[in-house]
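Chemist: File name model17.csv; file contents CSV, C-alpha atoms; full text below.
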```
chain,number,residue,atom,x,y,z
A,1,MET,CA,20.5,-88.3,16.6
A,2,MET,CA,19.6,-86.8,19.9
A,3,ALA,CA,22.5,-84.4,19.7
A,4,ALA,CA,21.3,-83.0,16.3
A,5,LEU,CA,17.8,-82.1,17.7
A,6,ALA,CA,19.1,-80.4,20.8
A,7,PHE,CA,18.8,-76.6,20.9
A,8,ARG,CA,22.0,-74.7,20.5
A,9,ALA,CA,23.5,-73.7,23.7
A,10,PRO,CA,22.2,-70.2,24.6
A,11,ARG,CA,24.7,-67.5,23.5
A,12,ARG,CA,26.4,-65.6,26.1
A,13,HIS,CA,24.5,-62.3,26.9
A,14,ARG,CA,26.3,-59.4,25.2
A,15,ARG,CA,25.9,-55.7,26.0
A,16,PRO,CA,24.3,-53.7,23.1
A,17,ASN,CA,26.7,-51.5,21.2
A,18,LEU,CA,26.0,-47.9,22.4
A,19,THR,CA,28.4,-46.1,20.1
A,20,PRO,CA,25.9,-45.2,17.3
A,21,MET,CA,23.4,-43.9,19.7
A,22,ILE,CA,26.0,-41.7,21.4
A,23,ASP,CA,27.0,-40.4,18.0
A,24,VAL,CA,23.4,-39.4,17.2
A,25,VAL,CA,22.9,-37.8,20.6
A,26,PHE,CA,26.1,-35.8,20.2
A,27,LEU,CA,24.9,-34.6,16.8
A,28,LEU,CA,21.6,-33.5,18.2
A,29,LEU,CA,23.4,-31.7,21.1
A,30,VAL,CA,25.7,-29.8,18.8
A,31,PHE,CA,22.7,-28.9,16.5
A,32,PHE,CA,20.7,-27.4,19.3
A,33,MET,CA,23.7,-25.6,20.8
A,34,LEU,CA,24.3,-23.9,17.4
A,35,ALA,CA,20.8,-23.3,16.3
A,36,SER,CA,19.3,-21.9,19.5
A,37,ARG,CA,19.3,-18.3,20.6
A,38,PHE,CA,19.1,-17.5,24.3
A,39,GLY,CA,17.7,-14.8,26.3
A,40,ALA,CA,14.4,-13.0,25.7
A,41,GLU,CA,14.4,-10.4,23.0
A,42,GLN,CA,14.5,-6.8,24.3
A,43,GLY,CA,12.7,-4.0,22.7
A,44,LEU,CA,11.5,-0.4,23.1
A,45,GLY,CA,7.8,0.2,22.4
A,46,LEU,CA,6.9,2.9,19.9
A,47,ALA,CA,3.4,4.0,19.1
A,48,LEU,CA,2.5,4.4,15.4
A,49,PRO,CA,1.1,7.7,14.1
A,50,GLY,CA,-2.3,6.0,13.6
A,51,ALA,CA,-2.7,5.6,17.3
A,52,LEU,CA,-2.9,9.4,17.7
A,53,ALA,CA,-6.5,9.3,16.3
A,54,ASP,CA,-7.7,7.9,19.7
A,55,ALA,CA,-6.1,10.6,21.8
A,56,PRO,CA,-5.8,13.9,19.9
A,57,TYR,CA,-2.7,15.9,20.6
A,58,GLN,CA,-3.1,18.5,23.4
A,59,GLY,CA,-1.1,21.2,24.9
A,60,PRO,CA,1.9,23.1,23.8
A,61,PRO,CA,4.2,21.7,21.1
A,62,ARG,CA,6.5,19.0,22.3
A,63,LEU,CA,8.6,18.3,19.2
A,64,ILE,CA,12.0,16.6,19.7
A,65,GLU,CA,14.2,16.6,16.6
A,66,VAL,CA,16.8,13.8,16.6
A,67,THR,CA,19.9,15.1,15.0
A,68,PRO,CA,23.4,13.5,14.8
A,69,GLN,CA,24.6,16.2,17.2
A,70,GLY,CA,21.9,15.4,19.8
A,71,PRO,CA,18.2,16.0,20.4
A,72,ARG,CA,16.6,19.4,20.0
A,73,LEU,CA,13.4,20.2,21.9
A,74,ASN,CA,11.3,22.6,19.9
A,75,GLY,CA,14.5,23.8,18.1
A,76,VAL,CA,16.6,24.2,21.3
A,77,PRO,CA,19.5,21.8,21.8
A,78,VAL,CA,19.0,19.7,25.0
A,79,SER,CA,21.2,17.0,26.4
A,80,LEU,CA,19.7,13.5,26.7
A,81,ASP,CA,19.7,13.6,30.5
A,82,ALA,CA,18.0,16.9,30.7
A,83,LEU,CA,15.2,16.0,28.3
A,84,PRO,CA,12.6,14.8,30.8
A,85,ASP,CA,13.1,17.9,33.0
A,86,ALA,CA,13.0,20.2,30.0
A,87,LEU,CA,9.7,18.6,28.9
A,88,ALA,CA,8.1,18.7,32.3
A,89,PRO,CA,6.7,22.3,32.0
A,90,LEU,CA,5.2,21.4,28.6
A,91,MET,CA,3.2,18.5,29.8
A,92,ALA,CA,-0.1,18.4,31.7
A,93,ASP,CA,0.1,14.7,32.2
A,94,PRO,CA,2.9,12.1,31.9
A,95,GLY,CA,0.8,10.3,29.3
A,96,ASP,CA,0.8,13.3,26.9
A,97,THR,CA,2.1,12.5,23.4
A,98,ILE,CA,5.6,13.6,22.5
A,99,VAL,CA,6.4,13.9,18.9
A,100,LEU,CA,9.8,12.7,17.6
A,101,ARG,CA,11.2,13.7,14.2
A,102,ALA,CA,14.3,12.3,12.7
A,103,SER,CA,16.5,14.6,10.7
A,104,ASP,CA,18.9,13.7,7.9
A,105,GLY,CA,21.9,11.8,9.1
A,106,ALA,CA,20.5,10.6,12.4
A,107,ASP,CA,20.8,6.9,12.8
A,108,MET,CA,18.8,4.4,14.8
A,109,GLN,CA,21.1,4.5,17.7
A,110,ALA,CA,20.5,8.2,18.2
A,111,LEU,CA,16.7,7.7,18.0
A,112,VAL,CA,16.7,4.8,20.4
A,113,ALA,CA,18.9,6.8,22.8
A,114,VAL,CA,16.3,9.6,22.9
A,115,VAL,CA,13.4,7.1,23.3
A,116,ALA,CA,15.3,5.4,26.2
A,117,ALA,CA,16.1,8.7,27.8
A,118,LEU,CA,12.4,9.7,27.7
A,119,ARG,CA,11.4,6.3,29.1
A,120,ALA,CA,13.9,6.6,31.9
A,121,GLY,CA,12.0,9.8,32.8
A,122,GLY,CA,8.7,8.0,32.8
A,123,LEU,CA,7.5,9.3,29.4
A,124,THR,CA,6.3,6.5,27.2
A,125,ALA,CA,3.8,8.1,24.8
A,126,VAL,CA,6.3,8.7,22.0
A,127,VAL,CA,5.2,9.0,18.4
A,128,LEU,CA,7.7,9.1,15.5
A,129,VAL,CA,6.6,11.2,12.5
A,130,ASP,CA,8.1,11.6,9.1
B,1,MET,CA,29.3,-39.3,30.3
B,2,ILE,CA,26.2,-40.4,28.3
B,3,ASN,CA,24.1,-39.3,31.2
B,4,VAL,CA,25.6,-35.9,31.2
B,5,VAL,CA,25.2,-35.6,27.4
B,6,PHE,CA,21.6,-36.6,27.6
B,7,LEU,CA,21.1,-34.0,30.4
B,8,LEU,CA,22.7,-31.3,28.2
B,9,LEU,CA,20.6,-32.4,25.2
B,10,ILE,CA,17.3,-32.1,27.2
B,11,PHE,CA,18.4,-28.8,28.6
B,12,PHE,CA,19.0,-27.4,25.2
B,13,LEU,CA,15.7,-28.8,23.9
B,14,ILE,CA,13.8,-27.1,26.6
B,15,ALA,CA,15.7,-23.9,26.9
B,16,ALA,CA,16.3,-23.2,23.3
B,17,ARG,CA,14.2,-20.9,21.1
B,18,LEU,CA,14.8,-21.8,17.5
B,19,THR,CA,14.9,-18.8,15.2
B,20,PRO,CA,15.0,-18.9,11.5
B,21,PRO,CA,18.2,-17.5,9.9
B,22,GLU,CA,18.0,-13.8,9.1
B,23,ALA,CA,18.2,-12.4,5.6
B,24,PHE,CA,21.1,-10.2,6.7
B,25,ALA,CA,23.1,-9.6,9.8
B,26,VAL,CA,21.6,-6.9,12.0
B,27,THR,CA,23.2,-5.3,15.1
B,28,PRO,CA,20.4,-3.7,17.1
B,29,PRO,CA,21.0,-0.4,18.9
B,30,ARG,CA,22.1,-0.5,22.5
B,31,ALA,CA,19.6,0.7,25.0
B,32,PRO,CA,17.9,-0.6,28.1
B,33,GLY,CA,14.6,-2.2,27.0
B,34,THR,CA,11.8,-4.3,28.3
B,35,GLU,CA,11.1,-7.8,27.2
B,36,ALA,CA,9.4,-8.0,23.9
B,37,VAL,CA,8.4,-11.0,21.9
B,38,GLY,CA,6.6,-10.1,18.7
B,39,ASP,CA,4.4,-12.2,16.5
B,40,PHE,CA,6.3,-11.0,13.5
B,41,THR,CA,9.8,-9.7,13.0
B,42,LEU,CA,10.8,-7.2,10.3
B,43,LEU,CA,14.5,-6.6,9.6
B,44,MET,CA,16.1,-3.3,8.6
B,45,ALA,CA,19.6,-3.3,7.1
B,46,PRO,CA,22.1,-0.5,7.8
B,47,ASP,CA,21.2,1.1,4.5
B,48,GLY,CA,17.5,1.1,5.4
B,49,ALA,CA,16.5,-2.0,3.2
B,50,LEU,CA,13.8,-4.2,4.6
B,51,ALA,CA,13.4,-7.9,4.8
B,52,PHE,CA,10.7,-10.1,6.2
B,53,GLY,CA,11.8,-13.7,6.7
B,54,ALA,CA,13.8,-14.6,3.6
B,55,LEU,CA,12.1,-11.9,1.4
B,56,ARG,CA,14.1,-8.8,0.7
B,57,GLY,CA,13.0,-5.5,-0.6
B,58,ARG,CA,10.5,-3.1,0.7
B,59,THR,CA,7.5,-4.1,-1.5
B,60,ALA,CA,8.0,-7.8,-1.1
B,61,ALA,CA,8.6,-7.6,2.6
B,62,LEU,CA,5.6,-5.4,3.4
B,63,THR,CA,3.3,-7.5,1.1
B,64,ALA,CA,4.4,-10.7,2.9
B,65,LEU,CA,4.0,-9.1,6.3
B,66,SER,CA,0.5,-8.0,5.4
B,67,ALA,CA,-0.3,-11.5,4.2
B,68,ALA,CA,1.1,-13.0,7.4
B,69,ARG,CA,-0.9,-10.6,9.5
B,70,ASP,CA,-4.1,-11.6,7.7
B,71,VAL,CA,-3.4,-15.3,8.3
B,72,VAL,CA,-3.0,-14.6,12.1
B,73,CYS,CA,-6.1,-12.5,12.2
B,74,ARG,CA,-8.2,-15.2,10.6
B,75,ASN,CA,-7.5,-17.4,13.6
B,76,ARG,CA,-7.9,-14.8,16.4
B,77,ASP,CA,-9.6,-11.6,17.1
B,78,CYS,CA,-7.1,-8.9,16.2
B,79,ASP,CA,-9.2,-6.1,17.6
B,80,ALA,CA,-9.1,-7.5,21.1
B,81,GLN,CA,-5.6,-8.8,20.9
B,82,PRO,CA,-3.6,-6.9,18.2
B,83,PRO,CA,-0.6,-8.7,16.8
B,84,SER,CA,2.7,-7.3,17.8
B,85,LEU,CA,5.5,-6.5,15.5
B,86,THR,CA,9.2,-6.4,16.4
B,87,LEU,CA,11.5,-4.3,14.2
B,88,ARG,CA,15.1,-5.5,14.2
B,89,ALA,CA,16.8,-2.5,12.8
B,90,ASP,CA,20.5,-2.0,12.6
B,91,ALA,CA,22.0,0.7,14.9
B,92,ALA,CA,23.4,2.4,11.8
B,93,ALA,CA,20.2,2.5,9.8
B,94,PRO,CA,18.8,6.0,9.1
B,95,ALA,CA,16.1,7.0,11.5
B,96,LYS,CA,14.3,8.6,8.6
B,97,ALA,CA,13.8,5.2,7.0
B,98,LEU,CA,12.0,4.1,10.1
B,99,ALA,CA,9.8,7.2,10.1
B,100,ALA,CA,8.9,6.6,6.5
B,101,LEU,CA,8.0,3.0,7.3
B,102,LEU,CA,5.6,3.7,10.2
B,103,PRO,CA,2.7,5.0,8.1
B,104,ASP,CA,2.7,1.9,6.0
B,105,LEU,CA,2.7,-0.3,9.2
B,106,SER,CA,0.0,1.8,10.6
B,107,ALA,CA,-2.1,1.4,7.5
B,108,MET,CA,-1.6,-2.4,7.8
B,109,GLY,CA,-3.3,-2.3,11.2
B,110,PHE,CA,-0.4,-2.4,13.6
B,111,ALA,CA,-0.9,0.0,16.6
B,112,ARG,CA,2.6,-0.2,17.9
B,113,ILE,CA,5.9,-1.7,17.2
B,114,ASP,CA,8.8,-2.8,19.4
B,115,LEU,CA,12.3,-1.7,18.4
B,116,ALA,CA,14.6,-4.5,19.1
B,117,THR,CA,17.5,-3.4,21.3
B,118,VAL,CA,20.4,-5.1,23.0
B,119,PRO,CA,21.2,-4.4,26.7
B,120,GLN,CA,24.1,-2.0,27.3
```
Turn the structure described in the file into structure tokens.
Modeler:
Amino acid sequence: MMAALAFRAPRRHRRPNLTPMIDVVFLLLVFFMLASRFGAEQGLGLALPGALADAPYQGPPRLIEVTPQGPRLNGVPVSLDALPDALAPLMADPGDTIVLRASDGADMQALVAVVAALRAGGLTAVVLVD
Amino acid sequence: MINVVFLLLIFFLIAARLTPPEAFAVTPPRAPGTEAVGDFTLLMAPDGALAFGALRGRTAALTALSAARDVVCRNRDCDAQPPSLTLRADAAAPAKALAALLPDLSAMGFARIDLATVPQ
């Protein structure tokens, strides 16, 4: 009688099974490794034509035509490296607006190369027109 | 090993920036750029086609972008803090397509855009 009422002997303490949790953690790890994109986005700033209304165009023409053969400043072919120097006599202030126009066949890489070359020369007020 | 895996998991959770999948693959032009994180991202395919999020086509993309800008501007003062737009254009896209796009973006109220680039 007494033996039937007695509690069962306590079970031996077992370690919980960690395998399912590790599976889930691995799954999450792989998901984040695949879904994430690292490094900050890089970009070149470009003013829109509407921004010209605040600061009207002043001074001699500074039109750079982007062609597949290279940039042309006011119709004269100029190399990328020489662009800031060629523009210097046309500008009263480094903040003066420079107008860019893309010709047929010029791709985005050619345009960005010109914008980057101007930026390297400290000229950031670039407007692209149609 | 579990400790290391947890460490990696937490690292990726903190360091990762989740980005929605793009409507088409874009290879931005190579140029030295400055850091740019835009509120919106507009995609331009090598043939000049536009996409905003999953929406393809010029009209659909620009309409959705305009609507998204209105939603953002309802919650904050867009005159004091104008929303920024990143244009992820393919390096082979015609520059004329970008020039034709800018007046529309200007009419939408954007003052400037950032052309996404990859470092050389």
Chemist: Any idea what's packed within 8 Å of range 108-122 of chain A, counting all atoms listed in the file, ignoring anything in its chain fewer than 4 positions away? Could you give it as a compact mmCIF listing (two decimals) with C-alpha atoms, keeping the file's coordinate frame?
Modeler:
```txt
# COMPACT_ATOMS: atom_id res chain seq x y z
CA LEU A 44 11.50 -0.40 23.10
CA VAL A 66 16.80 13.80 16.60
CA THR A 67 19.90 15.10 15.00
CA PRO A 68 23.40 13.50 14.80
CA GLY A 70 21.90 15.40 19.80
CA PRO A 71 18.20 16.00 20.40
CA LEU A 80 19.70 13.50 26.70
CA ASP A 81 19.70 13.60 30.50
CA LEU A 83 15.20 16.00 28.30
CA PRO A 84 12.60 14.80 30.80
CA PRO A 94 2.90 12.10 31.90
CA ALA A 102 14.30 12.30 12.70
CA VAL A 126 6.30 8.70 22.00
CA PRO B 29 21.00 -0.40 18.90
CA ARG B 30 22.10 -0.50 22.50
CA ALA B 31 19.60 0.70 25.00
CA PRO B 32 17.90 -0.60 28.10
CA GLY B 33 14.60 -2.20 27.00
CA ALA B 89 16.80 -2.50 12.80
CA ASP B 90 20.50 -2.00 12.60
CA ALA B 91 22.00 0.70 14.90
CA ALA B 92 23.40 2.40 11.80
CA ALA B 93 20.20 2.50 9.80
CA PRO B 94 18.80 6.00 9.10
CA ALA B 95 16.10 7.00 11.50
```
Chemist: Identify all chain B residues at most 8 Å from chain A by counting all atoms listed in the file; ligands do not count. Present them as a ChimeraX atom specification.
Modeler: /B:2,5-6,8-9,12-13,15-19,29-37,86,89-96,99-100,102-103,105-107,110-119
Chemist: Figure out the distance between CA of Gly48 in chain B and CA of Leu98 in chain B, please, to one decimal in Å.
Modeler: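 These atoms are spaced 7.8 Å apart.
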Chemist: Using only C-alpha atoms, which residues sit within 7 Å of Asp39 in chain B once same-chain residues fewer than 5 positions away are excluded, as a ChimeraX atom specification?
Modeler: /B:83-85
Chemist: Neighbours of Leu55 in chain B within 8 Å (all atoms listed in the file; same-chain residues fewer than 3 positions away dropped), as an MDAnalysis selection string?
Modeler: chainID B and resid 23 51:52 60:61 64
Chemist: Figure out the distance between CA of Arg69 in chain B and CA of Pro46 in chain B, please, to one decimal in Å.
Modeler: 25.2 Å
Chemist: At a cut-off of 12 Å around the point (13.2, 23.4, 18.9) (file coordinates), what residues fall inside when counting all atoms listed in the file? I'd like the answer as a list in words.
Modeler: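 With a cut-off of 12 Å, the residues come to Pro61, Arg62, Leu63, Ile64, Glu65, Val66, Thr67, Gly70, Pro71, Arg72, Leu73, Asn74, Gly75, Val76, Pro77, Val78, Ala86, Leu87, Val99, Leu100 and Arg101 of chain A.
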Chemist: CA of Arg88 in chain B to CA of Leu43 in chain B: how many Å, to one decimal?
Modeler: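 Result for CA of Arg88 in chain B versus CA of Leu43 in chain B: 4.8 Å, one decimal.
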